[in-house]
file start_0.cif (mmCIF, C-alpha atoms, pLDDT in the B column; chains and numbers go by the auth columns)
data_input
loop_
_atom_site.group_PDB
_atom_site.id
_atom_site.type_symbol
_atom_site.label_atom_id
_atom_site.label_comp_id
_atom_site.label_asym_id
_atom_site.label_seq_id
_atom_site.Cartn_x
_atom_site.Cartn_y
_atom_site.Cartn_z
_atom_site.B_iso_or_equiv
_atom_site.auth_seq_id
_atom_site.auth_asym_id
ATOM 1 C CA MET A 1 16.500 -0.760 11.912 61.00 1 A
ATOM 2 C CA ARG A 2 17.865 -2.089 8.620 77.00 2 A
ATOM 3 C CA ARG A 3 18.803 -5.394 10.276 81.00 3 A
ATOM 4 C CA ALA A 4 15.270 -5.963 11.553 73.00 4 A
ATOM 5 C CA GLU A 5 13.912 -5.234 8.082 74.00 5 A
ATOM 6 C CA ASP A 6 16.326 -7.764 6.538 77.00 6 A
ATOM 7 C CA ILE A 7 15.297 -10.420 9.041 73.00 7 A
ATOM 8 C CA LEU A 8 11.635 -9.793 8.318 72.00 8 A
ATOM 9 C CA ASN A 9 12.199 -9.969 4.534 72.00 9 A
ATOM 10 C CA ARG A 10 14.061 -13.277 4.915 77.00 10 A
ATOM 11 C CA GLU A 11 11.217 -14.635 7.030 74.00 11 A
ATOM 12 C CA PHE A 12 8.645 -13.683 4.380 69.00 12 A
ATOM 13 C CA ALA A 13 10.804 -15.403 1.735 71.00 13 A
ATOM 14 C CA ARG A 14 10.968 -18.514 3.923 73.00 14 A
ATOM 15 C CA ILE A 15 7.204 -18.742 4.446 75.00 15 A
ATOM 16 C CA ASN A 16 6.593 -18.215 0.706 77.00 16 A
ATOM 17 C CA VAL A 17 8.807 -21.122 -0.396 83.00 17 A
ATOM 18 C CA HIS A 18 5.612 -22.949 -1.453 85.00 18 A
ATOM 19 C CA LEU A 19 4.999 -20.481 -4.304 88.00 19 A
ATOM 20 C CA PRO A 20 5.713 -21.594 -7.888 92.00 20 A
ATOM 21 C CA ARG A 21 8.779 -20.440 -9.786 91.00 21 A
ATOM 22 C CA ALA A 22 6.540 -19.674 -12.789 93.00 22 A
ATOM 23 C CA ARG A 23 2.771 -19.581 -13.247 95.00 23 A
ATOM 24 C CA PRO A 24 1.695 -21.197 -16.530 96.00 24 A
ATOM 25 C CA THR A 25 -1.534 -20.236 -18.262 95.00 25 A
ATOM 26 C CA LEU A 26 -4.699 -22.265 -17.857 96.00 26 A
ATOM 27 C CA LYS A 27 -4.581 -23.114 -21.565 95.00 27 A
ATOM 28 C CA THR A 28 -1.066 -24.552 -21.244 95.00 28 A
ATOM 29 C CA LEU A 29 -2.028 -26.673 -18.247 96.00 29 A
ATOM 30 C CA LEU A 30 -5.143 -28.018 -19.963 95.00 30 A
ATOM 31 C CA GLU A 31 -3.010 -29.138 -22.916 95.00 31 A
ATOM 32 C CA THR A 32 -0.517 -31.110 -20.786 95.00 32 A
ATOM 33 C CA ALA A 33 -1.005 -34.715 -19.682 94.00 33 A
ATOM 34 C CA ASP A 34 0.222 -34.046 -16.127 95.00 34 A
ATOM 35 C CA PRO A 35 -0.550 -30.431 -15.149 96.00 35 A
ATOM 36 C CA LYS A 36 2.004 -29.305 -12.574 95.00 36 A
ATOM 37 C CA VAL A 37 4.411 -26.520 -11.578 96.00 37 A
ATOM 38 C CA VAL A 38 7.817 -26.496 -9.930 94.00 38 A
ATOM 39 C CA LEU A 39 7.889 -24.670 -6.600 93.00 39 A
ATOM 40 C CA ARG A 40 10.631 -22.396 -5.281 89.00 40 A
ATOM 41 C CA ASP A 41 11.946 -25.188 -3.074 90.00 41 A
ATOM 42 C CA GLY A 42 12.300 -27.496 -6.114 91.00 42 A
ATOM 43 C CA SER A 43 9.334 -29.753 -5.362 93.00 43 A
ATOM 44 C CA GLU A 44 6.387 -30.200 -7.720 94.00 44 A
ATOM 45 C CA HIS A 45 2.757 -29.228 -7.224 94.00 45 A
ATOM 46 C CA HIS A 46 0.156 -31.118 -9.274 96.00 46 A
ATOM 47 C CA PHE A 47 -3.195 -29.639 -10.263 97.00 47 A
ATOM 48 C CA ARG A 48 -6.452 -31.555 -10.413 96.00 48 A
ATOM 49 C CA ARG A 49 -7.674 -31.644 -13.979 97.00 49 A
ATOM 50 C CA SER A 50 -11.276 -31.341 -12.738 96.00 50 A
ATOM 51 C CA GLU A 51 -10.442 -27.976 -11.140 97.00 51 A
ATOM 52 C CA LEU A 52 -8.772 -26.721 -14.304 96.00 52 A
ATOM 53 C CA GLU A 53 -11.817 -27.725 -16.343 96.00 53 A
ATOM 54 C CA PHE A 54 -14.148 -26.109 -13.787 96.00 54 A
ATOM 55 C CA ILE A 55 -12.256 -22.815 -14.071 96.00 55 A
ATOM 56 C CA ALA A 56 -12.327 -23.049 -17.871 95.00 56 A
ATOM 57 C CA SER A 57 -16.118 -23.543 -17.701 94.00 57 A
ATOM 58 C CA LEU A 58 -16.456 -20.431 -15.525 93.00 58 A
ATOM 59 C CA LEU A 59 -14.635 -18.404 -18.166 91.00 59 A
ATOM 60 C CA GLY A 60 -16.533 -19.924 -21.090 83.00 60 A
ATOM 61 C CA GLY A 61 -13.412 -20.315 -23.204 76.00 61 A
ATOM 62 C CA GLU A 62 -12.411 -16.648 -22.874 80.00 62 A
ATOM 63 C CA GLY A 63 -9.310 -15.700 -20.925 86.00 63 A
ATOM 64 C CA LEU A 64 -7.662 -19.135 -20.979 91.00 64 A
ATOM 65 C CA ASP A 65 -4.491 -17.546 -22.380 92.00 65 A
ATOM 66 C CA ALA A 66 -4.473 -14.781 -19.767 93.00 66 A
ATOM 67 C CA LEU A 67 -5.276 -16.703 -16.574 95.00 67 A
ATOM 68 C CA ARG A 68 -2.166 -17.759 -14.673 96.00 68 A
ATOM 69 C CA ILE A 69 -2.455 -20.769 -12.379 96.00 69 A
ATOM 70 C CA PRO A 70 -2.303 -21.022 -9.419 97.00 70 A
ATOM 71 C CA ILE A 71 -4.413 -18.028 -8.506 97.00 71 A
ATOM 72 C CA VAL A 72 -2.551 -16.223 -5.724 96.00 72 A
ATOM 73 C CA LEU A 73 -4.500 -15.099 -2.659 96.00 73 A
ATOM 74 C CA GLU A 74 -2.295 -12.392 -1.135 94.00 74 A
ATOM 75 C CA ILE A 75 -2.313 -12.061 2.629 92.00 75 A
ATOM 76 C CA SER A 76 -0.897 -8.609 3.335 86.00 76 A
ATOM 77 C CA SER A 77 0.381 -6.966 6.489 79.00 77 A
ATOM 78 C CA THR A 78 -1.427 -3.797 5.422 85.00 78 A
ATOM 79 C CA TYR A 79 -4.977 -5.070 4.915 83.00 79 A
ATOM 80 C CA ARG A 80 -5.866 -6.909 8.109 86.00 80 A
ATOM 81 C CA GLY A 81 -8.935 -9.038 7.724 91.00 81 A
ATOM 82 C CA TYR A 82 -8.718 -8.942 3.920 95.00 82 A
ATOM 83 C CA PHE A 83 -6.896 -10.743 1.134 95.00 83 A
ATOM 84 C CA ARG A 84 -6.115 -9.454 -2.337 96.00 84 A
ATOM 85 C CA VAL A 85 -6.329 -10.980 -5.800 97.00 85 A
ATOM 86 C CA ARG A 86 -4.549 -9.339 -8.737 96.00 86 A
ATOM 87 C CA GLY A 87 -5.170 -9.763 -12.449 95.00 87 A
ATOM 88 C CA ARG A 88 -8.298 -9.127 -14.505 94.00 88 A
ATOM 89 C CA VAL A 89 -9.081 -12.782 -15.243 95.00 89 A
ATOM 90 C CA GLU A 90 -8.043 -13.943 -11.758 96.00 90 A
ATOM 91 C CA VAL A 91 -10.473 -11.452 -10.179 96.00 91 A
ATOM 92 C CA GLU A 92 -13.188 -12.562 -12.597 95.00 92 A
ATOM 93 C CA VAL A 93 -12.778 -16.215 -11.556 96.00 93 A
ATOM 94 C CA ILE A 94 -12.965 -15.379 -7.843 97.00 94 A
ATOM 95 C CA ASP A 95 -15.959 -13.072 -8.398 96.00 95 A
ATOM 96 C CA ARG A 96 -17.773 -15.803 -10.347 94.00 96 A
ATOM 97 C CA ILE A 97 -17.149 -18.313 -7.554 96.00 97 A
ATOM 98 C CA LEU A 98 -18.445 -15.854 -4.953 95.00 98 A
ATOM 99 C CA GLY A 99 -21.396 -14.852 -7.130 93.00 99 A
ATOM 100 C CA THR A 100 -20.345 -11.201 -7.274 91.00 100 A
ATOM 101 C CA TYR A 101 -19.196 -10.977 -10.909 89.00 101 A
ATOM 102 C CA ASP A 102 -20.435 -7.920 -12.782 87.00 102 A
ATOM 103 C CA ILE A 103 -19.761 -7.899 -16.523 84.00 103 A
ATOM 104 C CA LEU A 104 -19.734 -4.080 -16.535 86.00 104 A
ATOM 105 C CA GLU A 105 -16.831 -3.890 -14.062 87.00 105 A
ATOM 106 C CA GLU A 106 -13.344 -4.766 -15.297 88.00 106 A
ATOM 107 C CA LYS A 107 -11.305 -4.938 -12.118 92.00 107 A
ATOM 108 C CA THR A 108 -7.599 -5.725 -12.204 93.00 108 A
ATOM 109 C CA GLU A 109 -7.300 -5.994 -8.422 95.00 109 A
ATOM 110 C CA GLU A 110 -9.780 -6.660 -5.641 95.00 110 A
ATOM 111 C CA LEU A 111 -9.812 -6.914 -1.848 96.00 111 A
ATOM 112 C CA TYR A 112 -12.026 -9.590 -0.282 96.00 112 A
ATOM 113 C CA PRO A 113 -12.839 -10.297 3.367 95.00 113 A
ATOM 114 C CA ARG A 114 -10.585 -13.027 4.715 94.00 114 A
ATOM 115 C CA TYR A 115 -13.533 -15.137 5.903 95.00 115 A
ATOM 116 C CA LEU A 116 -14.232 -15.969 2.215 96.00 116 A
ATOM 117 C CA ILE A 117 -10.953 -17.888 1.833 96.00 117 A
ATOM 118 C CA PRO A 118 -12.392 -21.257 2.979 96.00 118 A
ATOM 119 C CA ARG A 119 -15.230 -20.943 0.452 96.00 119 A
ATOM 120 C CA ILE A 120 -12.732 -20.397 -2.375 97.00 120 A
ATOM 121 C CA ARG A 121 -10.255 -23.041 -1.187 96.00 121 A
ATOM 122 C CA ARG A 122 -13.043 -25.624 -0.843 96.00 122 A
ATOM 123 C CA LEU A 123 -13.753 -25.308 -4.580 96.00 123 A
ATOM 124 C CA LEU A 124 -10.176 -24.703 -5.762 97.00 124 A
ATOM 125 C CA PRO A 125 -7.754 -26.400 -3.342 97.00 125 A
ATOM 126 C CA THR A 126 -5.004 -27.163 -5.883 96.00 126 A
ATOM 127 C CA THR A 127 -5.404 -24.150 -8.192 97.00 127 A
ATOM 128 C CA THR A 128 -5.164 -21.425 -5.531 97.00 128 A
ATOM 129 C CA THR A 129 -2.308 -20.632 -3.168 95.00 129 A
ATOM 130 C CA TYR A 130 -1.421 -18.104 -0.489 91.00 130 A
ATOM 131 C CA ALA A 131 1.324 -15.497 -0.656 91.00 131 A
ATOM 132 C CA PHE A 132 2.297 -13.616 2.473 87.00 132 A
ATOM 133 C CA ILE A 133 3.482 -10.110 1.621 84.00 133 A
ATOM 134 C CA GLN A 134 4.690 -7.096 3.533 76.00 134 A
ATOM 135 C CA GLU A 135 3.877 -3.646 2.239 70.00 135 A
#

call {"tool": "encode", "arguments": {"input": "start_0.cif", "output": "structure tokens"}}
result
Amino acid sequence: MRRAEDILNREFARINVHLPRARPTLKTLLETADPKVVLRDGSEHHFRRSELEFIASLLGGEGLDALRIPIVLEISSTYRGYFRVRGRVEVEVIDRILGTYDILEEKTEELYPRYLIPRIRRLLPTTTTYAFIQE
């Protein structure tokens, strides 16, 4: 059974090679001339400045130091039909895009129906990414 688990873990690592090595803050990216990150496979991913500015406008200047880009949409083997977003500011951005933000709720993690992914990715194609995880 251990061998099957190792094979599965290696497969998840292989399909997540597109994830960044580090996730810089929105503030850092806005201050650079060419906003980009280095991915696990060594290639670079460039962000559209217009998306970064759109996200900053959603936050109204608050949370720029806390928001890590790209926002990771976690596809889990546990929650079929749902994806998860972690991080207080990350959840706030997604909630604002979906029109479900409530100032009285401070969520650090949220599950969303998977059918909402195209709506989010249409607005934020370069500043969001998928992570496939096994729990």

call {"tool": "closest_residue", "arguments": {"input": "start_0.cif", "among": "A:Ile120, A:Leu26, A:Leu104, A:Ala4", "to": "Ser57 of chain A", "atoms": "all atoms listed in the file"}}
result
A:Leu26

call {"tool": "atom_distance", "arguments": {"input": "start_0.cif", "atom1": "atom CA of Thr28 of chain A", "atom2": "atom CA of Asp65 of chain A"}}
result
7.9 Å

call {"tool": "closest_residue", "arguments": {"input": "start_0.cif", "among": "A:Glu135, A:Leu124, A:Ile75, A:Arg3", "to": "Arg48 of chain A", "atoms": "all atoms listed in the file"}}
result
A:Leu124

call {"tool": "closest_residue", "arguments": {"input": "start_0.cif", "among": "A:Gly87, A:Arg2, A:Thr126, A:Leu8", "to": "Pro35 of chain A", "atoms": "all atoms listed in the file"}}
result
A:Thr126

call {"tool": "residues_around", "arguments": {"input": "start_0.cif", "residues": "Arg23 of chain A", "least_positions_apart": "2", "cutoff": "8 Å", "atoms": "all atoms listed in the file", "output": "PDB file with C-alpha atoms, in the frame of the given file"}}
result
ATOM      1  CA  PRO A  20       5.713 -21.594  -7.888  1.00 92.00           C
ATOM      2  CA  ARG A  21       8.779 -20.440  -9.786  1.00 91.00           C
ATOM      3  CA  THR A  25      -1.534 -20.236 -18.262  1.00 95.00           C
ATOM      4  CA  VAL A  37       4.411 -26.520 -11.578  1.00 96.00           C
ATOM      5  CA  ARG A  68      -2.166 -17.759 -14.673  1.00 96.00           C
ATOM      6  CA  ILE A  69      -2.455 -20.769 -12.379  1.00 96.00           C
ATOM      7  CA  PRO A  70      -2.303 -21.022  -9.419  1.00 97.00           C
TER       8      PRO A  70
END

call {"tool": "resolve_selection", "arguments": {"input": "start_0.cif", "expression": "the PyMOL selection byres ((chain A and resi 16) around 9)", "output": "list in words"}}
result
Glu11, Phe12, Ala13, Arg14, Ile15, Val17, His18, Leu19, Arg40, Tyr130, Ala131, Phe132 and Ile133 of chain A

call {"tool": "closest_residue", "arguments": {"input": "start_0.cif", "among": "A:Thr129, A:Phe47, A:Glu53, A:Ala66", "to": "Val85 of chain A", "atoms": "all atoms listed in the file"}}
result
A:Thr129

call {"tool": "closest_residue", "arguments": {"input": "start_0.cif", "among": "A:Ile103, A:Leu52, A:Leu98, A:Leu30", "to": "Pro118 of chain A", "atoms": "only C-alpha atoms"}}
result
A:Leu98

call {"tool": "closest_residue", "arguments": {"input": "start_0.cif", "among": "A:Ile94, A:Leu116, A:Val38, A:Val89", "to": "Gly63 of chain A", "atoms": "all atoms listed in the file"}}
result
A:Val89

call {"tool": "atom_distance", "arguments": {"input": "start_0.cif", "atom1": "atom CA of Ile97 of chain A", "atom2": "atom CA of Tyr82 of chain A"}}
result
17.0 Å

call {"tool": "atom_distance", "arguments": {"input": "start_0.cif", "atom1": "atom CA of Pro24 of chain A", "atom2": "atom CA of Arg84 of chain A"}}
result
20.0 Å

call {"tool": "build_atoms", "arguments": {"input": "start_0.cif", "residues": "segment 27-62 of chain A", "atoms": "N, CA and C atoms", "output": "CSV table (one decimal), in the frame of the given file"}}
result
chain,number,residue,atom,x,y,z
A,27,LYS,N,-4.6,-22.4,-20.3
A,27,LYS,CA,-4.6,-23.1,-21.6
A,27,LYS,C,-3.4,-24.1,-21.6
A,28,THR,N,-2.3,-23.7,-21.2
A,28,THR,CA,-1.1,-24.6,-21.2
A,28,THR,C,-1.3,-25.8,-20.4
A,29,LEU,N,-1.8,-25.6,-19.2
A,29,LEU,CA,-2.0,-26.7,-18.2
A,29,LEU,C,-3.1,-27.7,-18.8
A,30,LEU,N,-4.1,-27.1,-19.4
A,30,LEU,CA,-5.1,-28.0,-20.0
A,30,LEU,C,-4.6,-28.9,-21.1
A,31,GLU,N,-3.6,-28.4,-21.8
A,31,GLU,CA,-3.0,-29.1,-22.9
A,31,GLU,C,-2.0,-30.2,-22.5
A,32,THR,N,-1.5,-30.2,-21.2
A,32,THR,CA,-0.5,-31.1,-20.8
A,32,THR,C,-1.2,-32.3,-20.2
A,33,ALA,N,-0.5,-33.5,-20.2
A,33,ALA,CA,-1.0,-34.7,-19.7
A,33,ALA,C,-1.0,-34.7,-18.2
A,34,ASP,N,0.1,-34.1,-17.6
A,34,ASP,CA,0.2,-34.0,-16.1
A,34,ASP,C,0.4,-32.6,-15.7
A,35,PRO,N,-0.7,-31.9,-15.5
A,35,PRO,CA,-0.6,-30.4,-15.1
A,35,PRO,C,0.1,-30.2,-13.8
A,36,LYS,N,1.3,-29.5,-13.8
A,36,LYS,CA,2.0,-29.3,-12.6
A,36,LYS,C,2.9,-28.1,-12.7
A,37,VAL,N,3.4,-27.6,-11.6
A,37,VAL,CA,4.4,-26.5,-11.6
A,37,VAL,C,5.5,-26.9,-10.6
A,38,VAL,N,6.7,-26.3,-10.8
A,38,VAL,CA,7.8,-26.5,-9.9
A,38,VAL,C,7.8,-25.3,-8.9
A,39,LEU,N,7.9,-25.7,-7.7
A,39,LEU,CA,7.9,-24.7,-6.6
A,39,LEU,C,9.3,-24.1,-6.3
A,40,ARG,N,9.3,-23.0,-5.6
A,40,ARG,CA,10.6,-22.4,-5.3
A,40,ARG,C,11.6,-23.3,-4.6
A,41,ASP,N,11.1,-24.3,-3.8
A,41,ASP,CA,11.9,-25.2,-3.1
A,41,ASP,C,12.4,-26.4,-3.9
A,42,GLY,N,11.9,-26.4,-5.2
A,42,GLY,CA,12.3,-27.5,-6.1
A,42,GLY,C,11.3,-28.6,-6.2
A,43,SER,N,10.3,-28.7,-5.3
A,43,SER,CA,9.3,-29.8,-5.4
A,43,SER,C,8.3,-29.4,-6.4
A,44,GLU,N,7.4,-30.4,-6.7
A,44,GLU,CA,6.4,-30.2,-7.7
A,44,GLU,C,5.0,-30.1,-7.1
A,45,HIS,N,4.2,-29.3,-7.7
A,45,HIS,CA,2.8,-29.2,-7.2
A,45,HIS,C,1.9,-29.6,-8.4
A,46,HIS,N,1.0,-30.6,-8.2
A,46,HIS,CA,0.2,-31.1,-9.3
A,46,HIS,C,-1.2,-30.5,-9.1
A,47,PHE,N,-1.8,-30.2,-10.2
A,47,PHE,CA,-3.2,-29.6,-10.3
A,47,PHE,C,-4.2,-30.7,-10.6
A,48,ARG,N,-5.4,-30.6,-10.0
A,48,ARG,CA,-6.5,-31.6,-10.4
A,48,ARG,C,-7.0,-31.1,-11.7
A,49,ARG,N,-7.1,-32.0,-12.7
A,49,ARG,CA,-7.7,-31.6,-14.0
A,49,ARG,C,-9.1,-31.2,-13.8
A,50,SER,N,-9.9,-31.7,-12.9
A,50,SER,CA,-11.3,-31.3,-12.7
A,50,SER,C,-11.4,-29.9,-12.3
A,51,GLU,N,-10.4,-29.4,-11.5
A,51,GLU,CA,-10.4,-28.0,-11.1
A,51,GLU,C,-10.1,-27.1,-12.3
A,52,LEU,N,-9.1,-27.5,-13.1
A,52,LEU,CA,-8.8,-26.7,-14.3
A,52,LEU,C,-10.0,-26.6,-15.3
A,53,GLU,N,-10.6,-27.7,-15.5
A,53,GLU,CA,-11.8,-27.7,-16.3
A,53,GLU,C,-13.0,-26.9,-15.8
A,54,PHE,N,-13.1,-26.9,-14.4
A,54,PHE,CA,-14.1,-26.1,-13.8
A,54,PHE,C,-13.9,-24.6,-14.0
A,55,ILE,N,-12.6,-24.2,-13.8
A,55,ILE,CA,-12.3,-22.8,-14.1
A,55,ILE,C,-12.5,-22.4,-15.5
A,56,ALA,N,-12.1,-23.3,-16.4
A,56,ALA,CA,-12.3,-23.0,-17.9
A,56,ALA,C,-13.8,-22.9,-18.2
A,57,SER,N,-14.7,-23.7,-17.5
A,57,SER,CA,-16.1,-23.5,-17.7
A,57,SER,C,-16.7,-22.2,-17.2
A,58,LEU,N,-16.1,-21.7,-16.1
A,58,LEU,CA,-16.5,-20.4,-15.5
A,58,LEU,C,-16.2,-19.3,-16.5
A,59,LEU,N,-15.1,-19.4,-17.2
A,59,LEU,CA,-14.6,-18.4,-18.2
A,59,LEU,C,-15.3,-18.6,-19.5
A,60,GLY,N,-15.9,-19.7,-19.8
A,60,GLY,CA,-16.5,-19.9,-21.1
A,60,GLY,C,-15.6,-19.9,-22.3
A,61,GLY,N,-14.4,-20.3,-22.1
A,61,GLY,CA,-13.4,-20.3,-23.2
A,61,GLY,C,-12.7,-19.0,-23.4
A,62,GLU,N,-13.1,-17.9,-22.8
A,62,GLU,CA,-12.4,-16.6,-22.9
A,62,GLU,C,-11.4,-16.5,-21.7
